[in-house]
$ cat upload.csv   # CSV, C-alpha atoms
chain,number,residue,atom,x,y,z
A,1,SER,CA,-19.9,275.1,-25.3
A,2,CYS,CA,-18.4,271.6,-25.4
A,3,CYS,CA,-16.2,271.2,-28.4
A,4,LEU,CA,-13.3,272.5,-30.4
A,5,ASN,CA,-13.7,271.9,-34.2
A,6,PHE,CA,-10.9,273.2,-36.5
A,7,SER,CA,-10.0,272.6,-40.1
A,8,ALA,CA,-7.6,274.3,-42.5
A,9,SER,CA,-5.8,273.7,-45.8
A,10,GLY,CA,-2.1,274.4,-46.4
A,11,GLU,CA,1.0,273.4,-48.3
A,12,HIS,CA,4.0,271.5,-47.0
A,13,SER,CA,6.9,270.3,-49.1
A,14,GLN,CA,4.9,271.2,-52.2
A,15,LEU,CA,2.1,269.0,-51.1
A,16,ARG,CA,-1.4,270.3,-50.5
A,17,LYS,CA,-2.7,269.1,-47.2
A,18,ARG,CA,-6.0,269.2,-45.2
A,19,TYR,CA,-5.8,269.5,-41.4
A,20,ALA,CA,-8.6,268.8,-39.0
A,21,LEU,CA,-8.9,268.7,-35.2
A,22,ASP,CA,-12.1,267.8,-33.3
A,23,LEU,CA,-12.0,267.7,-29.5
A,24,HIS,CA,-14.8,267.1,-27.1
A,25,LEU,CA,-13.5,269.1,-24.1
A,26,PHE,CA,-13.6,267.8,-20.5
A,27,GLY,CA,-16.1,270.5,-19.3
A,28,GLU,CA,-18.2,273.3,-20.5
A,29,VAL,CA,-16.5,276.4,-22.0
A,30,VAL,CA,-17.5,279.9,-23.0
A,31,ALA,CA,-17.4,279.6,-26.8
A,32,ASP,CA,-18.2,283.3,-27.5
A,33,ALA,CA,-15.0,284.5,-25.8
A,34,TRP,CA,-12.4,282.3,-27.5
A,35,SER,CA,-9.4,284.0,-29.0
A,36,TRP,CA,-6.7,282.8,-31.4
A,37,GLN,CA,-3.6,284.0,-33.0
A,38,HIS,CA,-0.9,282.9,-35.4
A,39,ALA,CA,2.4,281.7,-33.9
A,40,SER,CA,5.8,281.0,-35.4
A,41,ALA,CA,6.6,278.0,-37.5
A,42,GLY,CA,3.1,277.6,-38.9
A,43,ARG,CA,1.6,277.1,-35.4
A,44,LEU,CA,-1.8,278.5,-34.2
A,45,THR,CA,-2.6,279.2,-30.5
A,46,VAL,CA,-6.1,279.2,-29.2
A,47,GLU,CA,-7.3,280.4,-25.7
A,48,ILE,CA,-10.5,278.7,-24.5
A,49,GLY,CA,-12.2,280.0,-21.3
A,50,LYS,CA,-13.9,277.6,-19.0
A,51,ALA,CA,-17.5,278.2,-18.0
A,52,LYS,CA,-16.7,277.6,-14.3
A,53,PRO,CA,-13.4,277.8,-12.4
A,54,ALA,CA,-12.0,274.3,-12.0
A,55,THR,CA,-8.8,272.3,-12.5
A,56,TRP,CA,-9.5,269.7,-15.2
A,57,PRO,CA,-7.8,266.3,-14.9
A,58,ARG,CA,-7.3,266.3,-18.6
A,59,LEU,CA,-8.3,268.4,-21.7
A,60,VAL,CA,-10.7,266.0,-23.3
A,61,ARG,CA,-13.7,264.2,-21.9
A,62,SER,CA,-12.7,260.7,-23.1
A,63,ALA,CA,-10.0,259.0,-21.1
A,64,SER,CA,-8.4,258.0,-24.4
A,65,ARG,CA,-6.7,260.9,-26.2
A,66,PRO,CA,-5.1,261.6,-29.5
A,67,ALA,CA,-1.5,260.3,-29.7
A,68,ASN,CA,-0.1,263.8,-30.4
A,69,LEU,CA,-1.9,265.5,-27.6
A,70,GLY,CA,0.4,266.6,-24.7
A,71,ILE,CA,0.9,269.1,-22.0
A,72,TRP,CA,2.6,272.4,-22.7
A,73,ASP,CA,5.1,272.3,-19.9
A,74,ALA,CA,6.0,276.0,-20.0
A,75,MET,CA,2.4,277.1,-19.5
A,76,GLU,CA,1.9,274.5,-16.8
A,77,SER,CA,4.9,276.0,-14.9
A,78,LYS,CA,3.7,279.5,-15.5
A,79,TRP,CA,0.3,278.9,-13.8
A,80,GLN,CA,1.5,276.3,-11.3
A,81,SER,CA,1.2,278.7,-8.3
A,82,GLU,CA,-2.3,279.8,-9.2
A,83,LEU,CA,-3.4,276.2,-9.7
A,84,ARG,CA,-1.9,275.4,-6.3
A,85,ASP,CA,-3.7,278.3,-4.6
A,86,PHE,CA,-7.0,277.3,-6.3
A,87,GLY,CA,-6.6,273.8,-5.0
A,88,LYS,CA,-5.9,275.0,-1.5
A,89,ALA,CA,-9.0,277.2,-1.6
A,90,GLU,CA,-11.2,274.3,-2.6
A,91,LYS,CA,-9.8,272.1,0.2
A,92,ARG,CA,-10.3,275.0,2.7
A,93,GLN,CA,-13.9,275.4,1.7
A,94,HIS,CA,-14.5,271.7,2.1
A,95,LYS,CA,-12.8,271.6,5.5
A,96,GLU,CA,-14.8,274.6,6.9
A,97,ALA,CA,-18.0,273.2,5.5
A,98,LYS,CA,-17.4,270.1,7.6
A,99,SER,CA,-16.3,271.9,10.8
A,100,GLY,CA,-18.6,274.9,10.6
A,101,LYS,CA,-15.8,277.1,12.0
A,102,PRO,CA,-14.2,279.5,9.5
A,103,ASP,CA,-10.7,280.7,10.1
A,104,PRO,CA,-10.6,284.6,9.8
A,105,GLU,CA,-7.2,284.7,8.2
A,106,ALA,CA,-7.9,281.8,5.9
A,107,ALA,CA,-11.3,283.4,5.1
A,108,GLU,CA,-9.6,286.6,3.9
A,109,ALA,CA,-7.0,284.7,1.9
A,110,GLU,CA,-9.8,282.5,0.4
A,111,ASP,CA,-11.8,285.6,-0.4
A,112,GLU,CA,-8.9,287.0,-2.4
A,113,ALA,CA,-8.3,283.7,-4.1
A,114,LEU,CA,-12.0,283.3,-4.9
A,115,HIS,CA,-12.1,286.7,-6.6
A,116,ASP,CA,-9.0,286.0,-8.5
A,117,ASP,CA,-10.4,282.7,-9.8
A,118,PHE,CA,-13.8,284.1,-10.7
A,119,SER,CA,-12.3,287.1,-12.4
A,120,ARG,CA,-10.8,284.7,-15.0
A,121,THR,CA,-14.3,283.6,-16.0
A,122,CYS,CA,-15.1,287.0,-17.6
A,123,PHE,CA,-13.5,287.3,-21.0
A,124,ASN,CA,-12.7,290.2,-23.3
A,125,ASN,CA,-12.0,290.2,-27.0
A,126,ALA,CA,-8.9,291.7,-28.7
A,127,THR,CA,-10.9,294.8,-29.7
A,128,SER,CA,-11.5,295.8,-26.1
A,129,PRO,CA,-9.3,298.7,-24.8
A,130,PHE,CA,-8.8,296.7,-21.6
A,131,PHE,CA,-7.8,293.4,-23.3
A,132,LYS,CA,-5.3,291.7,-21.0
A,133,ASN,CA,-5.0,294.7,-18.8
A,134,ARG,CA,-4.8,293.9,-15.1
A,135,GLN,CA,-5.6,297.4,-13.8
A,136,ILE,CA,-9.2,297.1,-14.8
A,137,ALA,CA,-11.2,294.2,-13.3
A,138,VAL,CA,-13.1,292.4,-16.1
A,139,LEU,CA,-16.6,291.8,-14.7
A,140,CYS,CA,-19.6,289.9,-16.0
A,141,ASP,CA,-22.5,287.7,-14.7
A,142,THR,CA,-20.2,284.9,-13.4
A,143,TYR,CA,-18.0,287.4,-11.6
A,144,TRP,CA,-20.0,290.2,-10.1
A,145,PRO,CA,-18.5,291.5,-6.8
A,146,PRO,CA,-21.5,293.8,-5.9
A,147,ARG,CA,-23.5,290.7,-5.1
A,148,MET,CA,-20.7,288.7,-3.5
A,149,THR,CA,-20.1,288.6,0.3
A,150,GLY,CA,-16.8,289.4,1.8
A,151,LYS,CA,-14.3,292.3,1.9
A,152,LEU,CA,-13.9,292.5,-1.8
A,153,GLY,CA,-17.6,292.1,-2.6
A,154,ARG,CA,-20.5,294.2,-1.3
A,155,SER,CA,-18.3,295.7,1.4
A,156,THR,CA,-16.2,297.4,-1.3
A,157,THR,CA,-17.3,300.4,-3.4
A,158,TRP,CA,-17.1,299.4,-7.1
A,159,LEU,CA,-16.9,301.9,-10.0
A,160,VAL,CA,-18.0,300.0,-13.1
A,161,LEU,CA,-17.9,301.0,-16.8
A,162,PHE,CA,-20.3,299.4,-19.2
A,163,TYR,CA,-19.1,299.7,-22.8
A,164,SER,CA,-19.4,298.3,-26.3
A,165,PRO,CA,-16.3,298.0,-28.5
A,166,ASN,CA,-18.6,297.6,-31.5
A,167,GLU,CA,-20.4,300.9,-30.8
A,168,MET,CA,-17.1,302.7,-30.2
A,169,LYS,CA,-15.7,301.2,-33.4
A,170,CYS,CA,-12.7,299.9,-31.6
A,171,ASP,CA,-11.9,297.7,-34.6
A,172,ASP,CA,-11.0,300.9,-36.4
A,173,HIS,CA,-9.1,302.3,-33.5
A,174,SER,CA,-11.5,305.2,-33.3
A,175,ALA,CA,-10.9,308.3,-31.2
A,176,LYS,CA,-13.9,307.5,-29.0
A,177,CYS,CA,-12.5,304.0,-28.3
A,178,THR,CA,-9.0,305.3,-27.6
A,179,THR,CA,-10.2,308.2,-25.4
A,180,THR,CA,-12.6,306.0,-23.4
A,181,GLY,CA,-10.0,303.4,-22.8
A,182,ASP,CA,-7.3,305.9,-21.8
A,183,ARG,CA,-9.6,307.7,-19.4
A,184,TRP,CA,-10.8,304.6,-17.7
A,185,LEU,CA,-7.3,303.2,-17.4
A,186,ALA,CA,-6.3,306.4,-15.7
A,187,VAL,CA,-9.2,306.0,-13.3
A,188,GLY,CA,-8.2,302.4,-12.6
A,189,LYS,CA,-4.6,303.5,-11.8
A,190,LYS,CA,-5.5,306.6,-9.7
A,191,ILE,CA,-8.6,305.5,-7.7
A,192,PRO,CA,-6.8,302.8,-5.6
A,193,GLN,CA,-4.1,305.3,-4.7
A,194,VAL,CA,-6.5,307.9,-3.3
A,195,SER,CA,-9.3,305.5,-2.1
A,196,PRO,CA,-7.9,302.1,-1.2
A,197,ASP,CA,-11.4,300.7,-0.4
A,198,ALA,CA,-12.6,301.4,-3.9
A,199,LYS,CA,-12.2,299.1,-6.9
A,200,VAL,CA,-12.6,299.8,-10.7
A,201,GLY,CA,-14.0,297.4,-13.2
A,202,ALA,CA,-15.6,297.2,-16.7
A,203,VAL,CA,-18.2,295.0,-18.5
A,204,ASN,CA,-17.8,294.3,-22.2
A,205,CYS,CA,-21.5,294.5,-23.3
A,206,ASP,CA,-20.7,293.0,-26.7
A,207,LEU,CA,-19.8,289.7,-25.0
A,208,HIS,CA,-22.2,290.0,-22.0
A,209,ALA,CA,-25.2,291.6,-23.6
A,210,SER,CA,-27.8,289.8,-21.5
A,211,PHE,CA,-26.1,290.8,-18.3
A,212,CYS,CA,-25.9,294.4,-19.4
A,213,SER,CA,-29.6,294.3,-20.2
A,214,ALA,CA,-30.4,292.9,-16.8
A,215,GLN,CA,-28.4,295.7,-15.2
A,216,ASP,CA,-30.6,298.3,-17.1
A,217,VAL,CA,-27.5,299.8,-18.8
A,218,GLY,CA,-28.4,302.9,-20.8
A,219,HIS,CA,-26.4,304.7,-23.5
A,220,MET,CA,-22.8,303.6,-23.4
A,221,PRO,CA,-20.1,304.2,-22.2
A,222,TYR,CA,-22.0,304.1,-19.0
A,223,VAL,CA,-20.6,304.4,-15.4
A,224,ARG,CA,-22.3,303.3,-12.3
A,225,ARG,CA,-21.2,303.0,-8.6
A,226,TYR,CA,-22.1,300.0,-6.6
A,227,LYS,CA,-22.0,300.3,-2.8
A,228,ALA,CA,-23.5,298.3,0.0
A,229,GLY,CA,-26.1,296.7,-2.3
A,230,LYS,CA,-27.1,300.0,-3.9
A,231,ARG,CA,-26.3,301.5,-7.3
A,232,LYS,CA,-26.0,305.0,-8.6
A,233,ILE,CA,-25.3,306.4,-12.1
A,234,LEU,CA,-22.5,308.8,-12.7
A,235,TYR,CA,-23.5,312.0,-14.6
A,236,GLY,CA,-20.8,314.4,-15.7
A,237,ASP,CA,-17.0,314.2,-16.1
A,238,TRP,CA,-14.7,311.4,-15.1
A,239,ASP,CA,-12.0,313.6,-13.5
A,240,ILE,CA,-10.6,312.3,-10.2
A,241,ASP,CA,-12.2,315.0,-8.0
A,242,SER,CA,-15.6,314.3,-9.5
A,243,LEU,CA,-15.2,310.6,-9.1
A,244,MET,CA,-14.0,310.9,-5.5
A,245,GLN,CA,-17.0,312.9,-4.6
A,246,PHE,CA,-19.2,310.3,-6.4
A,247,ILE,CA,-17.6,307.5,-4.4
A,248,ARG,CA,-18.2,309.2,-1.1
A,249,SER,CA,-21.7,310.4,-1.9
$ encode --input "upload.csv" --output "structure tokens"
Amino acid sequence: SCCLNFSASGEHSQLRKRYALDLHLFGEVVADAWSWQHASAGRLTVEIGKAKPATWPRLVRSASRPANLGIWDAMESKWQSELRDFGKAEKRQHKEAKSGKPDPEAAEAEDEALHDDFSRTCFNNATSPFFKNRQIAVLCDTYWPPRMTGKLGRSTTWLVLFYSPNEMKCDDHSAKCTTTGDRWLAVGKKIPQVSPDAKVGAVNCDLHASFCSAQDVGHMPYVRRYKAGKRKILYGDWDIDSLMQFIRS
């Protein structure tokens, strides 16, 4: 949860070479949810998720850094607006904590920014049918709206799917995995249209097994509704009419 250790062998200009990279990162990370992929020109890209939302002043803990370590300008530009919003939210929290007088409009904007930031602490792996899909909120212990205050938290009805890519054999693109993914993606697209106060999310129990156990999750895929601090299991079909009745019950 602290470090990146990488080594590999390869050939360049008919010479056999050994490559190694060892970094002690600035803060804690979620090691089980890392992802990597090959890129062009012999490059390798790695995505590392932070354990807590924060803007690090640098990548590594030590003030001294490897000579060839730099900032990827394109990525910094891509996320600049979100980093700016995150910084504003932190300053707003500090200001309100000192004054003791929350601003309603600022509180709503802060609530949205807070949920957006915390949503990035829950990770999926590439086998998940919801990998990098923004229609389905990725939920876990560090981002669990049913226990959060505010408009997007306990005040909102949440439909949550608990699932296991391993059990559904998503690595093999099984029919069960594809069907489950397609059905829940359809739910995620339709429910906000017919019930704006409801949200749709999913928990990958392969990556968040202890959390799923704490939630008393049964046979998966498993759907539950969370509303005003109470929870209820969905029995039966996932068609829109049944789900709407389930949301309102």
$ residues_around --input "upload.csv" --residues "Phe162 in chain A" --least-positions-apart "5" --cutoff "9 Å" --atoms "only C-alpha atoms" --output "PyMOL selection string"
chain A and resi 201-205+212+217-218+220-224
$ residues_around --input "upload.csv" --residues "Gln215 in chain A" --least-positions-apart "5" --cutoff "10 Å" --atoms "only C-alpha atoms" --output "MDAnalysis selection string"
chainID A and resid 141 162 209:210
$ atom_distance --input "upload.csv" --atom1 "CA of His24 in chain A" --atom2 "CA of Leu4 in chain A"
6.5 Å
$ closest_residue --input "upload.csv" --among "A:Leu114, A:Val60, A:Ala39, A:Ile71" --to "Lys151 in chain A" --atoms "only C-alpha atoms"
A:Leu114
$ closest_residue --input "upload.csv" --among "A:Gln80, A:Ser119, A:Asn124, A:Thr157" --to "Tyr143 in chain A" --atoms "only C-alpha atoms"
A:Ser119
$ closest_residue --input "upload.csv" --among "A:Thr178, A:Ser7, A:Thr156, A:Ser99" --to "Pro192 in chain A" --atoms "all atoms listed in the file"
A:Thr156
$ atom_distance --input "upload.csv" --atom1 "CA of Glu76 in chain A" --atom2 "CA of Leu25 in chain A"
17.9 Å
$ atom_distance --input "upload.csv" --atom1 "CA of Leu207 in chain A" --atom2 "CA of Asn125 in chain A"
8.1 Å
$ closest_residue --input "upload.csv" --among "A:Gly27, A:Gly150, A:Gly42, A:Gly70" --to "Glu11 in chain A" --atoms "all atoms listed in the file"
A:Gly42
$ closest_residue --input "upload.csv" --among "A:Cys2, A:Ile136, A:Ile247, A:Val46" --to "Leu161 in chain A" --atoms "only C-alpha atoms"
A:Ile136
$ residues_near_point --input "upload.csv" --point "(-5.9, 279.4, -4.2)" --cutoff "10 Å" --atoms "all atoms listed in the file" --output "list in words"
Ser81, Glu82, Leu83, Arg84, Asp85, Phe86, Gly87, Lys88, Ala89, Glu90, Lys91, Arg92, Ala109, Glu110, Asp111, Glu112, Ala113, Leu114, His115, Asp116 and Asp117 of chain A
$ decode --input "upload.csv" --residues "range 183-231 of chain A" --atoms "C-alpha atoms" --output "mmCIF file, in the first residue's frame"
data_model
loop_
_atom_site.group_PDB
_atom_site.id
_atom_site.type_symbol
_atom_site.label_atom_id
_atom_site.label_comp_id
_atom_site.auth_asym_id
_atom_site.auth_seq_id
_atom_site.Cartn_x
_atom_site.Cartn_y
_atom_site.Cartn_z
ATOM 1 C CA ARG A 183 -29.311 -5.464 -17.702
ATOM 2 C CA TRP A 184 -27.812 -3.300 -14.977
ATOM 3 C CA LEU A 185 -26.457 -0.785 -17.479
ATOM 4 C CA ALA A 186 -29.995 -0.498 -18.869
ATOM 5 C CA VAL A 187 -31.250 0.080 -15.326
ATOM 6 C CA GLY A 188 -28.594 2.736 -14.783
ATOM 7 C CA LYS A 189 -29.664 4.534 -17.944
ATOM 8 C CA LYS A 190 -33.431 4.322 -17.416
ATOM 9 C CA ILE A 191 -33.982 4.859 -13.688
ATOM 10 C CA PRO A 192 -32.695 8.489 -13.573
ATOM 11 C CA GLN A 193 -35.086 9.306 -16.427
ATOM 12 C CA VAL A 194 -38.195 8.010 -14.660
ATOM 13 C CA SER A 195 -37.129 8.679 -11.054
ATOM 14 C CA PRO A 196 -34.643 11.585 -10.772
ATOM 15 C CA ASP A 197 -34.315 11.111 -7.025
ATOM 16 C CA ALA A 198 -32.976 7.557 -7.397
ATOM 17 C CA LYS A 199 -29.374 6.541 -8.070
ATOM 18 C CA VAL A 200 -27.898 3.284 -9.356
ATOM 19 C CA GLY A 201 -24.616 1.784 -8.215
ATOM 20 C CA ALA A 202 -22.646 -1.460 -8.016
ATOM 21 C CA VAL A 203 -20.116 -3.091 -5.687
ATOM 22 C CA ASN A 204 -17.423 -5.401 -7.060
ATOM 23 C CA CYS A 205 -17.249 -8.021 -4.306
ATOM 24 C CA ASP A 206 -14.064 -9.532 -5.704
ATOM 25 C CA LEU A 207 -12.215 -6.327 -4.834
ATOM 26 C CA HIS A 208 -14.293 -5.401 -1.769
ATOM 27 C CA ALA A 209 -15.019 -8.790 -0.220
ATOM 28 C CA SER A 210 -14.905 -7.655 3.411
ATOM 29 C CA PHE A 211 -17.365 -4.857 2.701
ATOM 30 C CA CYS A 212 -19.778 -7.226 0.941
ATOM 31 C CA SER A 213 -19.533 -9.572 3.897
ATOM 32 C CA ALA A 214 -20.308 -6.726 6.289
ATOM 33 C CA GLN A 215 -23.363 -5.911 4.145
ATOM 34 C CA ASP A 216 -24.614 -9.522 4.537
ATOM 35 C CA VAL A 217 -24.625 -10.036 0.786
ATOM 36 C CA GLY A 218 -26.180 -13.343 -0.262
ATOM 37 C CA HIS A 219 -26.009 -15.194 -3.559
ATOM 38 C CA MET A 220 -24.772 -12.888 -6.306
ATOM 39 C CA PRO A 221 -25.715 -11.016 -8.384
ATOM 40 C CA TYR A 222 -27.668 -9.461 -5.537
ATOM 41 C CA VAL A 223 -29.770 -6.272 -5.638
ATOM 42 C CA ARG A 224 -30.718 -4.178 -2.634
ATOM 43 C CA ARG A 225 -32.468 -0.846 -2.131
ATOM 44 C CA TYR A 226 -31.151 1.657 0.411
ATOM 45 C CA LYS A 227 -33.550 4.384 1.479
ATOM 46 C CA ALA A 228 -33.546 6.689 4.527
ATOM 47 C CA GLY A 229 -31.240 4.422 6.491
ATOM 48 C CA LYS A 230 -33.159 1.240 5.697
ATOM 49 C CA ARG A 231 -32.376 -1.540 3.250
#
